[in-house]
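Trainee: Below is one structure. I have some questions about it.
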Amino acid sequence: MDSYLIQVNGHGDHAPVLDVHLKNTGNTISPGKVKGRKPRWAVRASEMSKKTFNPIRAIVDSMKVEPNPKKAMISLSLGDPTVFGNLPTNDEVTRAVKEVLDSGQYNGYAPSVGYQSCREAVAAYYNCPEAPLKAQDVILTSGCSQAIELALAVLANPGQNILVPRPGFSLYKTLALSLGIEVKLYNLLPEKAWEIDLEHLESLVDEKTACLIVNNPSNPCGSVFSKSHLQEILAVASRQCVPILADEIYGDMVFADCKYEPIATLSTNVPVLSCGGLAKRWLVPGWRMGWILIHDRRDIFGNEIRDGLLRLSQRILGPCTIVQGALERILHRTPPEFYHNTLSILKSNADLCYAALSAIPGLQPVKPAGAMYLMVEIEMEHFPEFENDVEFTERLISEQSVFCLPATCFEYPNFFRIVTTVPEEMILEACSRIQEFCEMHYQGAEGAQDLECDK
């Protein structure tokens, strides 16, 4: 007689293993008595999933308003430059991918940190005397979002804290909280073109601070830090011995009257993990190709951080191999006029939008210098019927079918963000509708005071 025994044993810290005794009874095998606890379903979501929270989705999904059916919807909320088709990527970029696809050479698994030749291509593209790079300094990732996630995960432990800009990209907080990392928000100053409040930043540093996130050029502000301001930021990081996670996905996407400075080129002693990718500058966010550039000229990170990034990257099998194979051609064949034309459109739209909104009583736009965004202050005292920026933008949708993102999504209430990648005629129509909306609801100082008294 054949018998099969799988035992339920629990020893010390080890979880019990289910034991089923199978007996051969003629032509059938029947399970014996199951030992241990009575079987029952007890499937629960993980603690990590419960800690994961996206402020944009939470706020936007709760905005239960319908647009005005008499007006076509104009969405100025989504930071995806491909939505309207007016900003296609360059032909050389798509041709590079087609060539790789036709070659059949990149259909298999790649090393988790990316192909060596592709890492060499990225290193060569960003290498400069002020911040030299080699292939081993590059980790390829599934978009810049994964680059940020890996950088956070390697620098911070649960219970530590990170310093995050306010207003700032909501993903930093989403990732940190899911990893059990505390977020401390440092202020940006709209009256100084969104420079960092350095005194406030430094006051937040304590013994549990794991890293400082610097986003330049900025989402949601469209700001670009000057060389001197970046040096001031680096001085704080150097004094406090805090490494920098640089979100530079909008690197080089600056308007003609200012210059982009990668932060790692300005310091030899502050270690930097710079996160970037193809998404924005090459206008292909769906291709999910990002990277981490490791700048560590004083060997402060040493092997510890490099080995940690390698291990973390092994949790998945890296970014798309087809796009990896096209990387060198994308980086070196994309003509300069493509970048120039994209920036010309973004600057023209930003200038139009800034000029139009500046003329509207009750609104105070902050002029952008790059990226694809513009932040607008709502002088709430002149719109007393609205409680906050969320209610203001909800009513803007329901009355004018214009969707702007309330800056509460970025921890900065009473502002809203506009995306400047939409076609010019749409920008002008949206600004016209915003003007009509504000004129309808604007209250001067006396009117606002009377309305407040009536409440």
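Quick note on naming: the chains in the structure tokens go A, B, ... in the order shown, residues restart at 1 in each chain, and ligands are numbered from 1 in order of appearance.
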Could you name the residues that touch Ser274 (chain A) at 12 Å or less, counting only C-alpha atoms, but leaving out those on the same chain fewer than 2 positions away, as a count of residues only?

Mentor: 42

Trainee: Run DSSP on the backbone of this structure and report the residues of region 140-244 of chain A it assigns to helix (DSSP H, G or I), as a PyMOL selection string.

Mentor: chain A and resi 143-155+171-178+190-192+198-203+227-240

Trainee: With distances taken over only C-alpha atoms, which residue among A:Val97, A:Pro167, A:Asn303, A:Ala356 lies nearest Asn414 (chain A)?

Mentor: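 Using only C-alpha atoms, Asn414 (chain A) sits closest to A:Pro167.
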
Trainee: Between A:Tyr115, A:Tyr373, A:Tyr260, A:Phe338, which residue has the minimum interatomic distance to Pro88 (chain A), considering only C-alpha atoms?

Mentor: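 Ranked by minimum distance to Pro88 (chain A), first place goes to A:Phe338.
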
Trainee: Name the residues in contact with Val183 (chain A) at a cut-off of 9 Å, using only C-alpha atoms, excluding same-chain residues fewer than 2 positions from it; report them as a list in words.

Mentor: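 My list of contacting residues is Gln160, Asn161, Ile162, Leu163, Val164, Tyr172, Lys173, Ala176, Leu177, Ile181 and Leu185 of chain A.
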